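Novice: For reference, the structure I am asking about is given below.
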Amino acid sequence: MTPPLLSLLVFLPLAGAALLWLLPARAARFVTAGAMLVTLAAASAVMVAFDPDGPRFQLIERVLWVASLNVHYQLGIDGLSVLFPPATALLFLGALVASWNLVHDAPRFYYSLLLLLQCATLGIFCALDTVLFFVFWELTLVPLYFLLGRWGAVAGSARVAAHYFLIMLAGGVPLLLAFVLLAASQSVPTFDLLALLAVPLPHATQYAFLLLCLIGFGVKVPLVPLHTWLPQFALAAPGSLTALLVGLKLGAYGLVRFAIPLAPDAAQDLHWLLAGLGTVTLIYGAVGILAQSNLRVALAYASICHVGLAVLGLAAFTAQGVQGAVSLLLSFSVATGGAFLLLEFLRQRTGSTDIHSLGGAAKTMPLLASGFLICGLAGVGMPGTSSFPGEFMLILAALQSHTGAGMAALFGLAIAAAGFLALYRKAFFGPVTRREVAEAEDLRPREWAVLIVLIFLVGAIGLYPSPWLEIVRPAAEAWAAGLAR
Amino acid sequence: MSGGFSEILWPVQSGLPLLLVLQLLPLVGAAVVFAFNERSTAVVAGKVFALAELLLCIVVASRIKPELATLQLAERFAPLGYHVAVDGISLVFLLVAALLTFLMTLYGMSRGMISPGRLFAVLLVAEAGLVGMLVTLNIAWFAAFSALELWAVTYLLRRWASSRAETQALARFVQYQAFGWALFVGGCLVLGWSHADATGGRWSFDLFDLAGTVPAGKFQTAAFYLLFYGLAVRTPLFPLHGWLPNMAQHGLIAVGPALMVGVKVGIYGMLRFVLPLTPVAVEYWQPYVVGFAMAGVFFTAALAFQQTNLRRLLAFAVVSHTSLLVIGVFSLHEAGIQGTVLLAANFGLAVTGMWFIVGFVFRRTGTTELGELSGLFERIPFLAIAFLIFGLAIVGMPGTPGFDAAHLILEASIDSFGALPTVAAALGNVAAAGFLLWAFQRAFLSQGKQGGHDVDRTMPMEYLVCGIALVAMLAIGFFTEPWLHLTETASQAVAERFAR
C-alpha cells in the first residue's frame with residue numbers, strides 16, 4: 001500500500017491553514033512558510049516518484065465520492081502535469097516572501113486564504129475527475145476574491161475583486177455545462193477523465209463541448225476577447241497575488257488536459273479557430289505592451305502574448321507542440337512569476353511601477369534591475385533562458401502546421417521583445433529624477449534568496465533543458481497519439 | 001383507485017404512529033410554552049421542544065426506506081379524511097423546517113426580543129402548521145394547516161415587527177396571502193367536485209382518490225391555475241411576490257421571512273399535489289410557466305440591484321432563486337425534481353442564515369440601509385464570512401448543497417429544454433452572485449465614514465446559530481450522497497407520471 005502522495009500534497013496547505021489558527025497570530029507567517037516548504041518537498045517527492053517511461057497516468061487515487069452521480073474523488077498525474085505542482089509550490093513560496101512584511105492586518109486570515117488558494121491550485125493540477133476538477137477550479141475564486149478585495153493595492157480593489165469573481169463565475173457556467181454534456185453523452189454517465197478519454201464522443205457533441213470549453217477556459221487563459229479583466233487585476237492586486245494569477249496558467253492547462261483530448265475531431269476540424277485565437281491573442285498582447293507605461297500591466301500583456309503562442313502551438317496537434325506549450329507554461333510560472341515578485345519589491349521601495357515615476361532605477365538598485373532584466377528576457381523567450389526551448393518548439397510546430405500564423409507569431413514576439421526593452425530602458429536607465437528612486441536601497445538578503453533561486457532555475461532550465469523535456473515527452477507523444485483517429 | 005400511489009402503513013415500520021407524534025409535538029410544545037407565560041422556563045421549554053422535534057424528524061428519517069417508490073409510515077383516519085405519509089422528498093423539507101425552527105429559537109434569544117415566551121409559543125404553532133403541510137396527503141388538510149401557519153405569521157408580524165411601517169407590511173401580507181389561500185381552496189373545491197362527479201356524489205380531498213379521478217379538459221386547466229397561483233403567491237413567484245419585500249423590510253427581520261420562505265412549502269405543494277393531480281394541464285402549460293420563471297429570475301435580479309436596503313435586497317434574492325426552483329419543478333424530469341428538492345433545502349438554509357446575520361447586524365447598528373452600513377468585517381469577521389458563504393451557497397458554489405443540486409437541474413434542463421434556456425438559467429445564478437457580492441462589499445468591506453468602532457464583537461450565541469447552519473450546509477455539500485439517496489426514488493416517482 002503506497003501512501004496517498006497526491007492527496008497529501010493537495011491537502012498539506014490546508015493542514016497548514018488549520019494549524020495557523022491554533023498558534024498565535026505572530027507565528028502565522030512562519031507556520032505558512034513551513035507549510036509551503038513541506039508542500040514543496042511533497043511536490044518534489046511526487047516528481048521523483050513519477051516514472052516518465054511508465055504508464056501514462058500514475059499515482060492514481062480513486063475513491064467513490066457521490067455514488068448516485070458516479071462522481072469519484074480521483075487524483076493522478078502524468079508527464080504533462082507532474083511539473084506543475086513543484087512550480088506552483090515555488091511560486092507560492094515566492095509570493096509569501098514578497099509579502100513577508102506587508103501583512104499586519106488579520107495575518108492568520110490572509111495566510112489561510114493563501115494556503116487555501118494553494119490547495120485549490122494543486123488540486124486543479126492533480127484532479128482526474130471533471131467534477132473534482134471543477135470543485136477545485138471554483139474553489140480558487142473565494143480566496144482570490146478576499147485576498148484582492150481586502151488586501152488590494154489600490155482603493156477600488158474591492159470592485160475589481162467582484163468583477164473578477166463574476167467574470168470567472170460566468171466562465172464557470174459553460175465549463176460546468178460542458179462537463180455535464182460530456183457525462184450525459186456516455187451510455188453510463190461518468191465524470192472519470194480516464195474513462196472519458198477511452199470512449200470517443202459523438203461528433204456533434206464534440207463541437208458543443210469544445211466551444212463551451214473554449215469560452216470557459218478562454219476566460220481564465222485569457223484569450224482575446226475574454227481578457228479584459230487581467231490588466232485591471234494586475235493594477236489593483238498586490239504584486240504577490242498578480243504573480244500567482246499570471247504565473248499559474250490554469251486556463252491553458254485546462255485546454256491541454258480537457259478541451260482538446262476530449263474533443264479530438266472537433267479540435268482538429270476547428271484548428272483554424274484555435275490557431276486564429278492564439279495568433280490574435282499573441283499579436284494583441286505584443287501590441288498591448290507597446291501602449292503601456294506601467295510595468296505590471298506590461299507584464300500582464302506579455303503573459304497574454306505568450307499564452308497566445310502556446311495556444312497556437314497546441315493547434316498543431318503534434319507532440320512537439322504540446323511539449324513546447326507545457327514547457328513554456330512552466331517556464332512562465334518561474335520567469336513571469338519572478339518578474340512580478342521583483343516588481344513588487346520595486347513597488348515597496350518606490351511606491352510605483354509606472355515608468356514615469358521611476359527612471360534611473362538601475363543606479364540605486366543594480367541587483368534588482370539585473371534580476372528583473374533576466375526574468376524579463378526569459379519572459380520574451382531569450383535563448384539561454386528557460387522559456388527558449390518551449391518557445392522554439394512552439395514556433396517550429398506553428399510554422400509547420402500554420403505557416404502564415406507562425407510568421408505572424410515570430411513578428412509578434414519581436415514586437416513584444418522590443419516593447420519590453422523600451423519599457424525597461426525608460427524605467428531603469430536615464431537620469432534619476434525622483435527622490436524615492438534616489439533613496440531606495442537595493443535587495444535585502446531575503447529578497448536576494450528569492451532572486452538567486454529564480455535566476456538559477458531560469459538559467460539551469462534554459463541551458464540544460466533536456467531532463468525536463470524528457471519528463472514531458474512520453475506524455476506529450478501519448479497526447480498527440482490520442483488525437484490521431 | 002389510488003391513482004398510481006402506494007403506501008406502507010405505520011405498524012409495519014415503527015411501533016409508534018410517528019407522524020402523529022411529529023404533528024402533535026409542536027402543538028403540545030406551544031401549549032406548554034404558552035402556559036409558562038413569560039417565566040424563564042418558557043424560553044427553555046421552547047428550545048427543548050424545538051430540539052425534540054428536530055430529533056424526532058431524524059428518527060423518522062432513519063425509519064423510512066428511501067429506495068422504495070412508495071409513501072411510508074402512513075396513517076389514516078377515514079371519518080376526518082386524515083391521511084398522512086412521508087417519502088424522501090417530504091423528509092428533506094421536514095428536516096429543514098425542524099432545523100430552522102430550532103435555529104430560530106436560538107436566534108430569538110440572542111436578539112433579546114420582547115416577551116420571548118409568547119414568541120416561542122407562536123413559533124411552535126407555525127412549526128406545527130409547516131409540519132402538518134409537509135406530512136398530509138389530503139389537500140384540504142394542507143389548506144387548513146396553511147391557514148394555521150399564516151395565522152401564526154400574521155400574529156408574529158403584528159406583535160414583533162421592528163419598524164413603524166409594519167401596518168403597511170401587514171396589510172400587504174394579509175391581502176396577498178388571503179387571496180392566494182382563497183385561490184388554492186378554489187382549486188381544492190374543483191378537484192373535490194370532479195371527484196364527486198366521477199364517483200357519484202362522494203366528495204374526497206385525498207391525494208390517492210383525486211389522482212385516480214383527475215378532472216378532464218377545462219376543469220383540469222382551471223384546477224391547475226387555481227392551485228398553481230395559490231401556491232405561487234406563497235412561494236413567492238414573480239409577479240406575485242409583492243408582499244415579501246415589504247414584509248422583509250418592515251416586519252420581523254429573520255423569523256417572519258424564514259417561516260414564510262425558509263421552508264419552500266409552495267414548491268413542495270407543487271411537487272406533491274399540482275403535478276400528480278393536473279398532469280395534462282401541467283404538460284400543456286409547462287413552456288409558459290418556465291418562460292415566466294425565466295423572466296422572473298432576471299427581472300427580480302435586476303430589481304435586487306436597485307435596492308438600498310439589505311433586507312429588501314434579500315427578499316428579491318429569494319424571489320429570483322425561487323423562480324429557478326420552479327424551472328426545476330417544471331422540467332418534469334427526475335434529475336430536475338431531485339435537484340429542486342435539494343436546492344430548495346439549500347436556499348432555505350442559506351437565506352435564513354443570511355437573514356439571521358442581518359438580524360445580528362441590525363441589533364448592532366439599528367439599520368439595514370446599505371448606505372449606512374460599512375466596514376463591519378473588521379468587527380464581526382465571523383458573521384461576515386458566514387454571510388459570504390451563505391451567499392455562495394445560493395450561487396451553487398462547489399462544497400455547498402447548491403452545487404450538486406444545480407448540477408442536476410442543469411442536466412434536466414438540457415434534456416427538457418435544450419442548451420440555450422439552460423445557459424440563460426445558469427446566468428441567472430451569476431446575476432445573483434453579482435448582487436449578493438455587491439451587498440456584501442457595501443455592508444462588510446467598504447470603508448465608512450463613522451468607521452463602525454462601536455460595533456460589538458460576535459457573541460457566543462451568534463457563533464452557535466451561524467455555526468450550526470454553516471456546518472449543516474457544508475456537511476450536506478461535501479457529503480451529498482445520503483441526500484441524493486434519500487430523494488432519488490421519490491423524485492423518479494414524481495417524474496414517472498410524465499411520459500418522456
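In the C-alpha cells, the first chain shown is A, the next is B, and so on; residue numbers restart at 1 for each chain, and ligands run from 1 in the order shown.
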If we count only C-alpha atoms and set the cut-off at 10 Å, which residues sit around Ala198 (chain B), ignoring sequence neighbours fewer than 4 positions away in its own chain? Please answer as a PDB file with N, CA, C and O atoms, in the first residue's frame.
Specialist:
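Just written: out32.pdb:
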```pdb
ATOM      1  N   GLY B 192     -62.226  18.358  -5.736  1.00  0.00           N
ATOM      2  CA  GLY B 192     -63.168  17.564  -4.945  1.00  0.00           C
ATOM      3  C   GLY B 192     -64.471  17.351  -5.692  1.00  0.00           C
ATOM      4  O   GLY B 192     -65.047  16.266  -5.702  1.00  0.00           O
ATOM      5  N   TRP B 193     -64.922  18.421  -6.330  1.00  0.00           N
ATOM      6  CA  TRP B 193     -66.182  18.356  -7.088  1.00  0.00           C
ATOM      7  C   TRP B 193     -66.076  17.334  -8.216  1.00  0.00           C
ATOM      8  O   TRP B 193     -66.959  16.513  -8.434  1.00  0.00           O
ATOM      9  N   SER B 194     -64.948  17.389  -8.924  1.00  0.00           N
ATOM     10  CA  SER B 194     -64.831  16.478 -10.062  1.00  0.00           C
ATOM     11  C   SER B 194     -64.726  15.040  -9.577  1.00  0.00           C
ATOM     12  O   SER B 194     -65.157  14.108 -10.259  1.00  0.00           O
ATOM     13  N   ARG B 202     -69.562  11.197  -4.083  1.00  0.00           N
ATOM     14  CA  ARG B 202     -68.742  11.035  -2.878  1.00  0.00           C
ATOM     15  C   ARG B 202     -67.585  12.035  -2.932  1.00  0.00           C
ATOM     16  O   ARG B 202     -66.701  11.926  -3.759  1.00  0.00           O
ATOM     17  N   TRP B 203     -67.655  13.026  -2.051  1.00  0.00           N
ATOM     18  CA  TRP B 203     -66.602  14.041  -2.051  1.00  0.00           C
ATOM     19  C   TRP B 203     -65.363  13.511  -1.357  1.00  0.00           C
ATOM     20  O   TRP B 203     -65.461  12.800  -0.360  1.00  0.00           O
ATOM     21  N   GLY B 212     -56.793   9.405  -8.882  1.00  0.00           N
ATOM     22  CA  GLY B 212     -57.496   8.419  -9.701  1.00  0.00           C
ATOM     23  C   GLY B 212     -58.550   9.043 -10.592  1.00  0.00           C
ATOM     24  O   GLY B 212     -58.936   8.464 -11.613  1.00  0.00           O
ATOM     25  N   THR B 213     -59.045  10.220 -10.209  1.00  0.00           N
ATOM     26  CA  THR B 213     -60.132  10.843 -10.978  1.00  0.00           C
ATOM     27  C   THR B 213     -59.768  12.271 -11.331  1.00  0.00           C
ATOM     28  O   THR B 213     -60.424  13.207 -10.911  1.00  0.00           O
ATOM     29  N   VAL B 214     -58.663  12.432 -12.074  1.00  0.00           N
ATOM     30  CA  VAL B 214     -58.280  13.809 -12.412  1.00  0.00           C
ATOM     31  C   VAL B 214     -59.336  14.402 -13.332  1.00  0.00           C
ATOM     32  O   VAL B 214     -59.860  13.719 -14.210  1.00  0.00           O
ATOM     33  N   PRO B 215     -59.697  15.668 -13.112  1.00  0.00           N
ATOM     34  CA  PRO B 215     -60.740  16.279 -13.940  1.00  0.00           C
ATOM     35  C   PRO B 215     -60.283  16.377 -15.395  1.00  0.00           C
ATOM     36  O   PRO B 215     -59.090  16.409 -15.685  1.00  0.00           O
TER      37      PRO B 215
END
```
Novice: Which residues are close to Val122 (chain B), i.e. within 10 Å by only C-alpha atoms, leaving aside same-chain residues fewer than 5 positions away? Reply as a PyMOL selection string.
Specialist: chain B and resi 27+30-31+33-34+116-117+127-128+149+151-153+155-156
Novice: To one decimal in Å, tell me the separation between CA of Met109 (chain B) and CA of Met247 (chain B).
Specialist: 21.4 Å
Novice: Tell me the residues of chain B close to chain A, meaning within 7 Å using only C-alpha atoms, as a ChimeraX atom specification.
Specialist: /B:398,411,426-427,430,434,437,480-481,484
Novice: So which one's closest to Leu211 (chain A), A:Val154, A:Val256, A:Ala41, A:Ala263? Using only C-alpha atoms, please.
Specialist: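 Under the stated criterion, the closest residue is A:Ala263.
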Novice: Would you please work out which residue, of B:Leu408, B:Ala393, B:Leu324, B:Ala344, is nearest to Ala425 (chain B) when using only C-alpha atoms?
Specialist: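 Counting only C-alpha atoms, the residue closest to Ala425 (chain B) is B:Leu324.
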Novice: If you count only C-alpha atoms, which residues fall within 8 Å of Phe238 (chain B), apart from same-chain ones fewer than 3 positions away, as a list in words?
Specialist: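 That gives His241, Phe292, Ala293, Gly296, Thr300, Val319, Ser320 and Ser323 of chain B.
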Novice: Looking at B:Phe224, B:Phe208, B:Trp160, B:Tyr268, which one is nearest to Phe142 (chain B), with distances taken over only C-alpha atoms?
Specialist: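 Using only C-alpha atoms, the shortest distance to Phe142 (chain B) belongs to B:Tyr268.
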Novice: Would you kindly return, as a list of chain:residue names, each protein, DNA or RNA residue with an atom no farther than 10 Å from any atom of Glu470 (chain A), considering only C-alpha atoms and excluding same-chain residues fewer than 5 positions away?
Specialist: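 Non-adjacent residues within range: A:Pro52, A:Asp53, A:Gly79, A:Gln323, A:Pro465, A:Ala475, A:Ala476.
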Novice: Return the single residue from B:Trp141, B:Phe173, B:Phe390, B:Phe498 that is closest to Gly256 (chain B), with distances computed using only C-alpha atoms.
Specialist: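 Looking only at the distances to Gly256 (chain B), the closest residue turns out to be B:Phe173.
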Novice: Mind giving me the straight-line distance from CA of Gly239 (chain A) to CA of Tyr110 (chain A) in Å, one decimal?
Specialist: 14.6 Å
Novice: As a VMD selection string, list the residues of region 217-402 of chain A assigned to helix (DSSP H, G or I) by DSSP on the backbone atoms of this structure.
Specialist: chain A and resid 217 to 220 229 to 236 239 to 247 250 to 262 264 to 269 271 to 290 295 to 314 319 to 350 355 to 357 361 to 364 366 to 379 387 to 401
Novice: Write out as a list of chain:residue names the residues lying within 12 Å of Ala422 (chain A), counting only C-alpha atoms and excluding same-chain residues fewer than 3 positions away.
Specialist: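 Residues near the query, excluding close chain neighbours: A:Ile289, A:Leu290, A:Ala291, A:Gln292, A:Ser293, A:Leu295, A:Ala298, A:Ile355, A:Leu373, A:Gly376, A:Ile415, A:Ala416, A:Ala417, A:Ala418, A:Gly419, A:Arg425, A:Lys426, A:Ala427, A:Phe428, A:Phe429.
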Novice: Using only C-alpha atoms, which residues sit within 9 Å of region 459-467 of chain B once same-chain residues fewer than 4 positions away are excluded, as a ChimeraX atom specification?
Specialist: /B:103-104,106-107,109-110,353-354,356-357,360,382-383,386-387,471-472
Novice: Taking 4 positions as the minimum chain separation for residues in the same chain, which residues sit within 9 Å of Val455 (chain B) when counting only C-alpha atoms? Answer as a count of residues only.
Specialist: 6
